[in-house]
Structures are given as C-alpha cells and as structure tokens.
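Participant: Please find one structure pasted underneath; my questions will follow.
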Amino acid sequence: MKRIYLSSPTMHGDEQRFVAEAFDTNWVAPLGPNVNNFETEMVSYTGCGYAAALSAGTAAIHLGLKLLGVGQGDVVFVSSLTFSASCNPIAYEKAVPVFIDSEPDTWNMSPAALEKAFEKYPHPKAVVVVHLYGTPAKMDEIMRICERHNVPILEDAAESLGSTYDGKHTGTFGRIGVYSFNGNKIITTSGGGMLVSGEEALVQEARILSTQARDPARHYQHSRIGYNYRMSNVIAGIGRGQLMHLEEHLRLKKAIYQRYREAFSDIREISMNPLNPRGDANNWLSCMTIREGCDVTPDQVMDALDAENIESRPIWKPMHLQPVFAGYEFFNHNESGVSVSEDIFARGVCLPSDIKNTDADMDQVIGIVRGLFNR
C-alpha cells in the first residue's frame with residue numbers, strides 16, 4: 001500500500017549537481033564554496049542582511065541566545081505552542097524559560113499574554129517568537145511591546161521560510177532570526193539550519209562560536225568555549241539546489257491548504273488553521289481543529305488515516321504541559337481556564353501536506369476525513 005506522508009523531502013536534481021561539485025573538487029569537509037554561496041543566496045532571498053549556515057536550527061537558536069547574552073538565571077520568554085527545539089537551548093544555558101500562550105487569530109504568541117509576562121518580569125533577557133506551521137505572528141504588536149521594554153527578539157522562523165508579514169520575510173524582524181532545513185521543512189538539507197541578522201558583527205561571532213571558537217593564532221588556541229555547529233559543504237549543496245525551487249514549493253503548499261479548506265467548508269465541525277491577513281504564510285503544514293463537543297476526535301481522524309497508511313500528526317503539545325518543563329511559569333491569553341494553546345492541542349490535527357501528493361492522494365485523505373463526519 002502506498003504511503004502518503006505528512007511532509008517528506010522533494011528533490012529536483014539540482015541538489016545532486018551541487019553535491020557532485022563538492023565531491024569533484026574534494027570540498028567534502030566542513031565549509032567551502034557551497035556554504036558561502038548558500039549563505040549569500042539566502043541573504044538575497046530573504047533580505048536578512050547576513051547569514052551563518054549551521055548544523056541545525058536548534059544550533060542556531062542556541063548560538064542566537066548566547067549572542068544575546070542569555071546566561072544562567074536569565075528569564076527568557078518563549079512561545080508555548082511550539083516544538084521543544086524552540087526552548088531546549090534556553091535550558092542549555094541554564095536560563096529560565098517563561099512560557100507565553102497563543103492567541104486564536106494566528107495560533108502564535110499572544111501579545112496580551114506577553115504583556116502579562118512583562119508585568120511580572122519587566123527585564124527578561126530575550127523573547128523567542130515562533131511562527132507556527134509557517135503562519136506569521138502578529139509581529140507589529142509583539143515588536144512594539146518588546147521595544148517599549150528594550151528587550152531583543154530572537155525570531156524562530158524554523159517552520160516559516162518563505163512566509164512574509166507586511167511584505168517582509170519572517171526571520172528578519174528580530175535582532176536574530178533562525179531557519180531550519182530539517183527533512184520535513186519546506187526546503188531541506190537533510191538537516192541543518194541558518195542564523196541570520198541585520199548586524200554583521202553578530203553573524204561573524206556566530207561563525208566563530210560555531211567553529212570551536214578558535215582564536216586567530218597560527219597554533220590552535222582557544223580562550224572560550226566553542227561549538228561544532230557549522231554546516232558541511234556537502235549538505236549546503238543540497239540547500240542551494242532546494243532554494244532554487246522554494247517558490248514552487250510555496251505554490252504547492254498553498255494549493256494543499258486551499259484544497260482542504262474548500263473540501264471541508266461545508267462541515268461546521270471542522271476549521272482550518274487560521275492565517276494572518278497581514279501576512280503570506282508558507283503553509284508548511286495544513287492543520288484542522290474539530291469543534292468542541294463533536295463526536296469525532298482528533299485521535300479518530302489520525303487512526304482512520306493511519307489505517308490507510310496515511311501519515312498525520314497531533315498539534316504540538318504546549319511546552320508548559322511537558323514534563324521536562326513542569327514548574328516553569330506560563331501566561332494564559334485568557335483571563336482564566338483552559339488556555340488557547342491547550343485548546344488547539346486538544347482539538348487539532350496536522351494533515352498530510354506533502355507537495356508530492358497527487359490529486360488522488362488528496363481525494364483519499366479528504367474522503368476519509370469527510371466520512372468520519374458524515375456517518
């Protein structure tokens with residue numbers, strides 16, 4: 001039985017050309033022309049200013065926090081409805097994560113909850129804003145709040161490469177931005193990430209820290225702790241080939257979201273994940289929520305799809321509910337009761353969003369879901 005994936009890599013052939021070039025020139029070690037060119041091409045595409053290609057998006061977040069001076073005991077505000085990679089690096093530095101709820105309009109960081117957090121903690125070291133599933137957050141409101149408190153933003157755009165807000169690329173609003181090229185992202189290098197900033201000095205420092213913080217001496221000398229976080233020249237070649245097809249991927253992802261939205265428009269119990277009207281989402285994953293009180297549950301949807309060898313996934317479980325972060329503070333968007341992020345998690349499903357899905361694949365997925373609601 002054919003497997004229908006949530007979001008798998010899509011190769012085009014250009015990737016192989018750049019990888020072969022790395023082999024032919026013996027540039028298989030870390031760094032090299034593909035790394036340099038991948039950084040330059042990402043800067044050109046996003047308008048980010050400067051970029052450092054790294055081994056993972058998580059590595060980029062970690063270095064970004066260090067560049068912002070985050071250390072032991074520092075408070076860092078971070079979106080709760082996200083993957084753990086957004087906040088694990090806070091723990092690496094022995095800092096204190098404070099989790100911020102989502103708002104219902106975009107599922108991203110709630111400005112109202114952020115204001116509540118600032119009332120209790122007026123001097124956090126940084127704010128980590130996530131653009132969930134590729135939908136831009138309310139950056140104007142969030143930036144206004146952070147600017148008023150003089151606190152820098154680290155923008156986790158791991159899921160949102162190609163998304164824009166007011167015509168500007170996500171990842172370029174904060175003092176530091178982060179992209180991921182994990183295997184299921186809109187473009188992939190198999191693994192890998194990138195740290196970007198409009199400040200050249202920050203990116204140059206990231207390059208130094210990511211190559212073991214070697215001092216500029218003839219011999220190997222180190223005055224501080226560094227990391228082995230740099231991207232290899234081989235996988236950077238994959239990234240260069242993928243970037244050539246990003247606009248095509250964006251178009252196909254958007255078509256998938258629109259197909260689901262139209263297919264479920266007559267089912268009152270289903271709502272698709274909301275989009276920010278001031279932005280243009282990359283639609284990395286298309287998600288649905290089921291109306292509270294409905295007889296159909298997210299588990300039933302996922303089980304029905306799985307029975308036909310179709311991959312789906314729950315919405316991210318909020319970080320403030322994770323055992324590893326038990327005891328850390330959380331600020332609710334609502335005045336009391338169940339938070340927005342908890343509600344989305346309880347009622348949501350990530351639907352197959354692979355750009356290789358055929359019309360027949362989409363018909364099969366839609367038919368299975370619709371069948372559950374038309375019993």
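Ordering of the structure tokens sets the chain letters (A, B, ...), residue numbers begin anew at 1 in every chain, and ligands are numbered from 1 in the order given.
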Could you list, as a VMD selection string, every residue within 8 Å of Asn276 of chain A, counting only C-alpha atoms and ignoring same-chain residues fewer than 5 positions away?
Facilitator: chain A and resid 105 to 106 135 to 138 281
Participant: Output N, CA, C and O atoms for every residue in the selection just made, as a PDB file, in the first residue's frame.
Facilitator:
```
ATOM      1  N   ASP A 105      -6.145  34.060  16.728  1.00  0.00           N
ATOM      2  CA  ASP A 105      -6.184  34.560  15.344  1.00  0.00           C
ATOM      3  C   ASP A 105      -5.141  33.916  14.444  1.00  0.00           C
ATOM      4  O   ASP A 105      -5.364  33.749  13.246  1.00  0.00           O
ATOM      5  N   THR A 106      -3.962  33.601  14.988  1.00  0.00           N
ATOM      6  CA  THR A 106      -2.883  33.008  14.186  1.00  0.00           C
ATOM      7  C   THR A 106      -2.251  31.788  14.852  1.00  0.00           C
ATOM      8  O   THR A 106      -1.394  31.150  14.247  1.00  0.00           O
ATOM      9  N   THR A 135       2.791  30.227   9.672  1.00  0.00           N
ATOM     10  CA  THR A 135       1.932  31.415   9.699  1.00  0.00           C
ATOM     11  C   THR A 135       2.605  32.524  10.508  1.00  0.00           C
ATOM     12  O   THR A 135       2.965  32.306  11.667  1.00  0.00           O
ATOM     13  N   PRO A 136       2.775  33.705   9.931  1.00  0.00           N
ATOM     14  CA  PRO A 136       3.459  34.788  10.657  1.00  0.00           C
ATOM     15  C   PRO A 136       2.707  35.222  11.911  1.00  0.00           C
ATOM     16  O   PRO A 136       1.469  35.279  11.927  1.00  0.00           O
ATOM     17  N   ALA A 137       3.455  35.502  12.955  1.00  0.00           N
ATOM     18  CA  ALA A 137       2.885  36.037  14.193  1.00  0.00           C
ATOM     19  C   ALA A 137       2.517  37.505  14.003  1.00  0.00           C
ATOM     20  O   ALA A 137       2.830  38.119  12.981  1.00  0.00           O
ATOM     21  N   LYS A 138       1.859  38.075  15.002  1.00  0.00           N
ATOM     22  CA  LYS A 138       1.488  39.492  14.978  1.00  0.00           C
ATOM     23  C   LYS A 138       2.711  40.319  15.356  1.00  0.00           C
ATOM     24  O   LYS A 138       2.818  40.860  16.465  1.00  0.00           O
ATOM     25  N   ALA A 281       1.493  33.209   4.384  1.00  0.00           N
ATOM     26  CA  ALA A 281       2.062  32.022   5.021  1.00  0.00           C
ATOM     27  C   ALA A 281       2.654  31.080   3.990  1.00  0.00           C
ATOM     28  O   ALA A 281       2.191  31.014   2.850  1.00  0.00           O
TER      29      ALA A 281
END
```
Participant: Under the rule of at most 12 Å, produce a per-residue listing of segment 289-367 of chain A near segment 89-104 of chain A: chain, number, name, the closest pair of atoms, and the distance in Å, as JSON lines, using only C-alpha atoms.
Facilitator:
```
{"residue": "A:Thr289", "atom": "CA", "partner": "A:Pro104", "partner_atom": "CA", "distance": 11.8}
{"residue": "A:Pro318", "atom": "CA", "partner": "A:Asp101", "partner_atom": "CA", "distance": 8.7}
{"residue": "A:Met319", "atom": "CA", "partner": "A:Phe99", "partner_atom": "CA", "distance": 7.3}
{"residue": "A:His320", "atom": "CA", "partner": "A:Phe99", "partner_atom": "CA", "distance": 6.3}
{"residue": "A:Leu321", "atom": "CA", "partner": "A:Phe99", "partner_atom": "CA", "distance": 10.1}
{"residue": "A:Gln322", "atom": "CA", "partner": "A:Phe99", "partner_atom": "CA", "distance": 11.3}
{"residue": "A:Val324", "atom": "CA", "partner": "A:Ala91", "partner_atom": "CA", "distance": 10.2}
{"residue": "A:Phe325", "atom": "CA", "partner": "A:Pro97", "partner_atom": "CA", "distance": 8.4}
{"residue": "A:Ala326", "atom": "CA", "partner": "A:Pro97", "partner_atom": "CA", "distance": 10.8}
{"residue": "A:Gly327", "atom": "CA", "partner": "A:Val98", "partner_atom": "CA", "distance": 10.1}
{"residue": "A:Tyr328", "atom": "CA", "partner": "A:Val98", "partner_atom": "CA", "distance": 6.3}
{"residue": "A:Glu329", "atom": "CA", "partner": "A:Val98", "partner_atom": "CA", "distance": 5.2}
{"residue": "A:Phe330", "atom": "CA", "partner": "A:Phe99", "partner_atom": "CA", "distance": 4.5}
{"residue": "A:Phe331", "atom": "CA", "partner": "A:Ile100", "partner_atom": "CA", "distance": 5.2}
{"residue": "A:Asn332", "atom": "CA", "partner": "A:Asp101", "partner_atom": "CA", "distance": 5.2}
{"residue": "A:His333", "atom": "CA", "partner": "A:Asp101", "partner_atom": "CA", "distance": 5.6}
{"residue": "A:Asn334", "atom": "CA", "partner": "A:Asp101", "partner_atom": "CA", "distance": 8.7}
{"residue": "A:Glu335", "atom": "CA", "partner": "A:Asp101", "partner_atom": "CA", "distance": 11.6}
{"residue": "A:Val338", "atom": "CA", "partner": "A:Asp101", "partner_atom": "CA", "distance": 10.6}
{"residue": "A:Ser339", "atom": "CA", "partner": "A:Asp101", "partner_atom": "CA", "distance": 6.9}
{"residue": "A:Val340", "atom": "CA", "partner": "A:Ser102", "partner_atom": "CA", "distance": 5.7}
{"residue": "A:Ser341", "atom": "CA", "partner": "A:Ser102", "partner_atom": "CA", "distance": 5.4}
{"residue": "A:Glu342", "atom": "CA", "partner": "A:Asp101", "partner_atom": "CA", "distance": 8.7}
{"residue": "A:Asp343", "atom": "CA", "partner": "A:Pro104", "partner_atom": "CA", "distance": 9.7}
{"residue": "A:Ile344", "atom": "CA", "partner": "A:Pro104", "partner_atom": "CA", "distance": 8.6}
{"residue": "A:Phe345", "atom": "CA", "partner": "A:Ser102", "partner_atom": "CA", "distance": 11.0}
```
Participant: Could you pull the residues within 12 Å of Asp299 of chain A, counting only C-alpha atoms, minus those fewer than 6 positions along the same chain, as a ChimeraX atom specification?
Facilitator: /A:289-290,305-306,312-315,345-350,369,372
Participant: Kindly export the residues of the current selection with all heavy atoms, as a compact mmCIF listing (two decimals), in the first residue's frame.
Facilitator:
```txt
# COMPACT_ATOMS: atom_id res chain seq x y z
N THR A 289 -8.85 21.90 13.16
CA THR A 289 -9.35 21.69 14.51
C THR A 289 -10.80 21.23 14.41
O THR A 289 -11.52 21.57 13.48
CB THR A 289 -9.27 22.96 15.37
OG1 THR A 289 -9.90 24.05 14.69
CG2 THR A 289 -7.83 23.32 15.68
N ILE A 290 -11.22 20.46 15.41
CA ILE A 290 -12.56 19.91 15.48
C ILE A 290 -13.33 20.63 16.58
O ILE A 290 -12.81 20.80 17.69
CB ILE A 290 -12.51 18.40 15.76
CG1 ILE A 290 -11.72 17.69 14.67
CG2 ILE A 290 -13.92 17.82 15.87
CD1 ILE A 290 -11.41 16.23 14.98
N LEU A 305 -6.81 7.66 9.24
CA LEU A 305 -5.79 7.90 8.22
C LEU A 305 -4.69 6.85 8.31
O LEU A 305 -4.24 6.31 7.29
CB LEU A 305 -5.22 9.31 8.37
CG LEU A 305 -6.18 10.46 8.06
CD1 LEU A 305 -5.56 11.79 8.45
CD2 LEU A 305 -6.56 10.47 6.58
N ASP A 306 -4.25 6.56 9.51
CA ASP A 306 -3.18 5.59 9.70
C ASP A 306 -3.58 4.20 9.18
O ASP A 306 -2.73 3.46 8.65
CB ASP A 306 -2.80 5.51 11.18
CG ASP A 306 -1.59 4.64 11.43
OD1 ASP A 306 -0.52 4.93 10.86
OD2 ASP A 306 -1.70 3.66 12.19
N SER A 312 -0.32 11.41 9.60
CA SER A 312 -0.80 12.69 10.14
C SER A 312 -0.12 12.86 11.50
O SER A 312 0.69 12.01 11.90
CB SER A 312 -2.32 12.71 10.26
OG SER A 312 -2.77 11.67 11.13
N ARG A 313 -0.44 13.93 12.20
CA ARG A 313 0.28 14.18 13.45
C ARG A 313 -0.56 15.08 14.35
O ARG A 313 -1.29 15.94 13.85
CB ARG A 313 1.62 14.86 13.14
CG ARG A 313 2.54 14.99 14.32
CD ARG A 313 3.95 15.33 13.87
NE ARG A 313 4.08 16.69 13.39
CZ ARG A 313 5.21 17.19 12.90
NH1 ARG A 313 6.27 16.43 12.78
NH2 ARG A 313 5.26 18.44 12.50
N PRO A 314 -0.44 14.91 15.67
CA PRO A 314 -1.12 15.85 16.56
C PRO A 314 -0.49 17.24 16.44
O PRO A 314 0.65 17.39 16.00
CB PRO A 314 -0.88 15.28 17.96
CG PRO A 314 -0.41 13.88 17.75
CD PRO A 314 0.26 13.85 16.41
N ILE A 315 -1.24 18.24 16.84
CA ILE A 315 -0.66 19.58 17.04
C ILE A 315 0.41 19.48 18.12
O ILE A 315 0.35 18.62 19.01
CB ILE A 315 -1.78 20.56 17.47
CG1 ILE A 315 -2.86 20.68 16.38
CG2 ILE A 315 -1.20 21.93 17.82
CD1 ILE A 315 -2.41 21.32 15.10
N PHE A 345 -4.25 22.28 20.98
CA PHE A 345 -3.64 20.96 21.09
C PHE A 345 -4.70 19.87 21.24
O PHE A 345 -4.62 18.81 20.62
CB PHE A 345 -2.68 20.94 22.28
CG PHE A 345 -2.24 19.56 22.71
CD1 PHE A 345 -1.53 18.74 21.85
CD2 PHE A 345 -2.56 19.09 23.98
CE1 PHE A 345 -1.12 17.47 22.26
CE2 PHE A 345 -2.16 17.82 24.38
CZ PHE A 345 -1.45 17.01 23.52
N ALA A 346 -5.70 20.14 22.05
CA ALA A 346 -6.74 19.14 22.34
C ALA A 346 -7.63 18.86 21.14
O ALA A 346 -8.16 17.75 21.00
CB ALA A 346 -7.59 19.60 23.52
N ARG A 347 -7.78 19.85 20.24
CA ARG A 347 -8.76 19.71 19.16
C ARG A 347 -8.13 19.61 17.76
O ARG A 347 -8.85 19.54 16.78
CB ARG A 347 -9.73 20.90 19.19
CG ARG A 347 -10.56 21.00 20.44
CD ARG A 347 -11.66 22.04 20.35
NE ARG A 347 -11.15 23.41 20.20
CZ ARG A 347 -11.27 24.14 19.11
NH1 ARG A 347 -11.88 23.64 18.03
NH2 ARG A 347 -10.80 25.36 19.05
N GLY A 348 -6.80 19.61 17.68
CA GLY A 348 -6.15 19.77 16.39
C GLY A 348 -5.49 18.53 15.81
O GLY A 348 -5.11 17.60 16.53
N VAL A 349 -5.34 18.55 14.48
CA VAL A 349 -4.65 17.50 13.72
C VAL A 349 -3.85 18.17 12.60
O VAL A 349 -4.38 19.04 11.90
CB VAL A 349 -5.63 16.49 13.09
CG1 VAL A 349 -4.88 15.46 12.25
CG2 VAL A 349 -6.47 15.81 14.16
N CYS A 350 -2.59 17.74 12.41
CA CYS A 350 -1.81 18.16 11.25
C CYS A 350 -2.09 17.17 10.12
O CYS A 350 -1.85 15.96 10.26
CB CYS A 350 -0.32 18.16 11.57
SG CYS A 350 0.16 19.30 12.89
N VAL A 369 -11.52 11.74 5.91
CA VAL A 369 -11.92 12.71 6.93
C VAL A 369 -13.41 13.02 6.83
O VAL A 369 -14.15 13.02 7.83
CB VAL A 369 -11.07 13.99 6.85
CG1 VAL A 369 -11.58 15.05 7.83
CG2 VAL A 369 -9.59 13.69 7.11
N LEU A 372 -15.80 10.46 8.30
CA LEU A 372 -15.97 10.42 9.75
C LEU A 372 -17.07 11.38 10.22
O LEU A 372 -17.73 11.14 11.25
CB LEU A 372 -14.65 10.78 10.44
CG LEU A 372 -13.51 9.78 10.27
CD1 LEU A 372 -12.21 10.37 10.80
CD2 LEU A 372 -13.83 8.46 11.01
```
Participant: Using only C-alpha atoms, can you tell me which of A:Ala59, A:Lys66, A:Asn282, A:Gln221 comes closest to Leu161 of chain A?
Facilitator: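 Closest candidate: A:Asn282.
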Participant: Contacts of Leu67 of chain A at 8 Å or less, counting only C-alpha atoms, minus same-chain residues fewer than 6 places along, as a list of chain:residue names?
Facilitator: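 Here the answer would be A:Leu202, A:Glu205, A:Ala206.
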Participant: Please provide the set of residues having any atom within 6 Å of segment 38-50 of chain A, restricted to only C-alpha atoms, with same-chain residues fewer than 2 positions apart removed, written as a list of chain:residue names.
Facilitator: A:Asn34, A:Val35, A:Asn36, A:His169, A:Thr172, A:Val196, A:Ser197, A:Gly198, A:Glu200, A:Arg240
Participant: So that I have them on file, write out the residues from the current selection with N, CA, C and O atoms, as a PDB file, in the first residue's frame.
Facilitator:
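Ended up saving to again.pdb:
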```pdb
ATOM      1  N   ASN A  34      30.008  25.871  -1.400  1.00  0.00           N
ATOM      2  CA  ASN A  34      28.562  25.711  -1.263  1.00  0.00           C
ATOM      3  C   ASN A  34      28.027  26.420  -0.021  1.00  0.00           C
ATOM      4  O   ASN A  34      26.952  27.019  -0.053  1.00  0.00           O
ATOM      5  N   VAL A  35      28.771  26.342   1.070  1.00  0.00           N
ATOM      6  CA  VAL A  35      28.349  27.031   2.301  1.00  0.00           C
ATOM      7  C   VAL A  35      28.307  28.537   2.062  1.00  0.00           C
ATOM      8  O   VAL A  35      27.317  29.204   2.371  1.00  0.00           O
ATOM      9  N   ASN A  36      29.377  29.069   1.501  1.00  0.00           N
ATOM     10  CA  ASN A  36      29.433  30.514   1.248  1.00  0.00           C
ATOM     11  C   ASN A  36      28.303  30.962   0.325  1.00  0.00           C
ATOM     12  O   ASN A  36      27.641  31.984   0.571  1.00  0.00           O
ATOM     13  N   HIS A 169      10.076  39.311   4.991  1.00  0.00           N
ATOM     14  CA  HIS A 169      10.236  37.898   5.318  1.00  0.00           C
ATOM     15  C   HIS A 169      10.308  37.666   6.820  1.00  0.00           C
ATOM     16  O   HIS A 169      10.988  38.409   7.548  1.00  0.00           O
ATOM     17  N   THR A 172      13.389  38.073   9.704  1.00  0.00           N
ATOM     18  CA  THR A 172      14.155  39.314   9.530  1.00  0.00           C
ATOM     19  C   THR A 172      13.631  40.458  10.398  1.00  0.00           C
ATOM     20  O   THR A 172      14.096  41.582  10.269  1.00  0.00           O
ATOM     21  N   VAL A 196      20.488  34.219  11.071  1.00  0.00           N
ATOM     22  CA  VAL A 196      20.549  35.431  10.257  1.00  0.00           C
ATOM     23  C   VAL A 196      20.373  36.661  11.140  1.00  0.00           C
ATOM     24  O   VAL A 196      19.785  36.598  12.218  1.00  0.00           O
ATOM     25  N   SER A 197      20.883  37.772  10.656  1.00  0.00           N
ATOM     26  CA  SER A 197      20.763  39.024  11.387  1.00  0.00           C
ATOM     27  C   SER A 197      21.095  40.185  10.461  1.00  0.00           C
ATOM     28  O   SER A 197      21.833  40.018   9.479  1.00  0.00           O
ATOM     29  N   GLY A 198      20.575  41.341  10.780  1.00  0.00           N
ATOM     30  CA  GLY A 198      20.958  42.550  10.074  1.00  0.00           C
ATOM     31  C   GLY A 198      22.258  43.127  10.586  1.00  0.00           C
ATOM     32  O   GLY A 198      22.778  44.100  10.019  1.00  0.00           O
ATOM     33  N   GLU A 200      26.111  42.547  11.106  1.00  0.00           N
ATOM     34  CA  GLU A 200      27.224  41.716  10.645  1.00  0.00           C
ATOM     35  C   GLU A 200      28.042  41.162  11.795  1.00  0.00           C
ATOM     36  O   GLU A 200      28.489  40.004  11.761  1.00  0.00           O
ATOM     37  N   ARG A 240      21.342  24.609  -1.607  1.00  0.00           N
ATOM     38  CA  ARG A 240      21.369  25.513  -2.764  1.00  0.00           C
ATOM     39  C   ARG A 240      20.407  25.029  -3.858  1.00  0.00           C
ATOM     40  O   ARG A 240      19.670  25.820  -4.456  1.00  0.00           O
TER      41      ARG A 240
END
```
Participant: Please report the interatomic distance between atom CA of Arg259 of chain A and atom CA of Pro277 of chain A in Å with one decimal.
Facilitator: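 That distance, rounded to one decimal, is 18.6 Å.
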Participant: Using only C-alpha atoms, which of the listed residues (A:Lys253, A:Arg214, A:Lys317, A:His245) sits closest to Ser163 of chain A?
Facilitator: A:Lys253
Participant: Return as number ranges by chain the full set of residues in segment 143-307 of chain A whose backbone-based DSSP assignment is strand (DSSP E).
Facilitator: A: 153-156, 164-165, 168-169, 176-180, 193-197, 270-272, 279-280, 287-290
Participant: Using only C-alpha atoms, which of A:Arg370, A:Asp361, A:Ile225, A:Asp295 sits nearest Ala263 of chain A?
Facilitator: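 Comparing A:Arg370, A:Asp361, A:Ile225, A:Asp295 against Ala263 of chain A, the winner is A:Arg370.
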